[in-house]
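This report refers to the structure that appears directly beneath it.
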Amino acid sequence: MTPIDYLASSAAQAWHQRLAGLIQGADRSDLPRQLEQALAELVPMDTLILHAYQGRGRPRVVHDNYPPERRQRDIDPYLSRVYLLDPMFQAIESGQDSGTHRLRDLAPDRFESSEYYHHYYRGLGLKDEIGLFARVSDDTVMVLSLGFRTQSPPLTRRTVQALRHLTPIVEALLQRFWSWQRSAFEPQHQEVEPVDAAFSSFGQGVLTRREQDIVRLLLAGHSAKSAARELGISDGTVKVHRKHVYQRLQVTSQAELFRAFLDHVALISRQQRD
């Protein structure tokens with residue numbers, strides 16, 4: 001089918017009418033809801049959440065389709081305790097700010113074996129997730145995340161390619177939306193989020209700087225080999241450091257290490273409240 005044949009089809013007419021409505025409403029507060037409805041007609045997704053990421057601060061939830069009880073169970077713990085371990089957050093920190101990316105392509109090699117995955121992500125019931133990244137200002141990247149649960153039809157290569165073709169449109173819409181609506185999502189004035197402060201200080205005074213770096217990578221789901229690549233050292237050196245970390249923190253497993261980190265987050269949060 002040639003481009004002119006496609007544009008002359010009834011399917012193209014319906015889509016372009018929908019697109020025209022999105023463009024007309026790009027500066028309105030309900031654009032994310034309209035965008036959700038448009039994407040739902042194309043993609044059999046189960047969950048949708050639009051985050052605004054600004055530096056290492058807590059991501060702002062701009063829009064989601066979670067019912068209240070699932071929002072409290074699934075989104076709140078992510079925002080308050082573990083977002084720094086999220087592969088999509090880490091991708092942004094590494095410079096990723098555009099395009100469409102599957103979680104599996106962003107995640108470290110032992111992501112599904114990590115305590116973050118078992119403690120948080122598995123509870124979402126998702127078997128696949130895809131993020132549409134858009135830099136909407138100098139200091140903000142938005143990610144429109146589509147989730148697919150285990151009972152859903154598989155996310156096909158064709159669907160992923162269609163979303164990649166749509167990404168420039170989504171980016172342009174979100175850029176316009178953010179330029180008009182960002183004041184509604186400005187962060188509260190707090191110097192450092194508890195989880196960020198905990199991430200930086202976990203093991204401080206007990207671990208060396210290198211051991212702290214390794215702990216952060218292990219918590220995010222990197223194997224010793226993957227952590228070694230990230231740090232430019234041998235995997236044998238990582239294993240030696242990991243052994244020292246366990247001894248100094250008096251833990252014997254990844255599960256205990258993760259629980260110790262969450263306890264540290266809780267401690268920092270209490271200190272900031274007091």
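All residue names refer to the structure tokens as shown: chains lettered A, B, ... in order, residues numbered from 1 in each chain, ligands numbered from 1 in order.
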
Problem - Residue neighbourhood His165 of chain A, 12 Å, only C-alpha atoms, exclusion window fewer than 5 positions, as a PyMOL selection string - result: chain A and resi 99-100+132+158-160+170-171

Return as JSON lines the residues of segment 103-155 of chain A lying at most 12 Å from segment 176-180 of chain A, together with the closest atom-to-atom pair for each and the distance in Å to one decimal, counting only C-alpha atoms, with rows in chain order and ascending residue number.
{"residue": "A:Ala134", "atom": "CA", "partner": "A:Trp178", "partner_atom": "CA", "distance": 10.7}
{"residue": "A:Arg135", "atom": "CA", "partner": "A:Trp178", "partner_atom": "CA", "distance": 10.0}
{"residue": "A:Val136", "atom": "CA", "partner": "A:Trp178", "partner_atom": "CA", "distance": 6.5}
{"residue": "A:Ser137", "atom": "CA", "partner": "A:Ser179", "partner_atom": "CA", "distance": 8.0}
{"residue": "A:Asp138", "atom": "CA", "partner": "A:Ser179", "partner_atom": "CA", "distance": 11.3}
{"residue": "A:Asp139", "atom": "CA", "partner": "A:Trp178", "partner_atom": "CA", "distance": 11.6}
{"residue": "A:Thr140", "atom": "CA", "partner": "A:Trp178", "partner_atom": "CA", "distance": 9.2}
{"residue": "A:Val141", "atom": "CA", "partner": "A:Trp178", "partner_atom": "CA", "distance": 10.2}
{"residue": "A:Met142", "atom": "CA", "partner": "A:Trp178", "partner_atom": "CA", "distance": 9.2}

Problem - Spatial neighbours of Lys225 of chain A, max dist 10 Å, only C-alpha atoms, sep filter under 5 positions, as a PyMOL selection string - result: chain A and resi 109+230+233-239

Practice task
Could you pull out the residues in segment 80-121 of chain A that DSSP calls alpha helix (DSSP H) from the backbone, as a list in words?
Solution key: Pro87, Met88, Phe89, Gln90, Ala91, Ile92, Glu93, Leu103, Arg104, Asp105, Leu106, Glu115, Tyr116, Tyr117, His118 and His119 of chain A
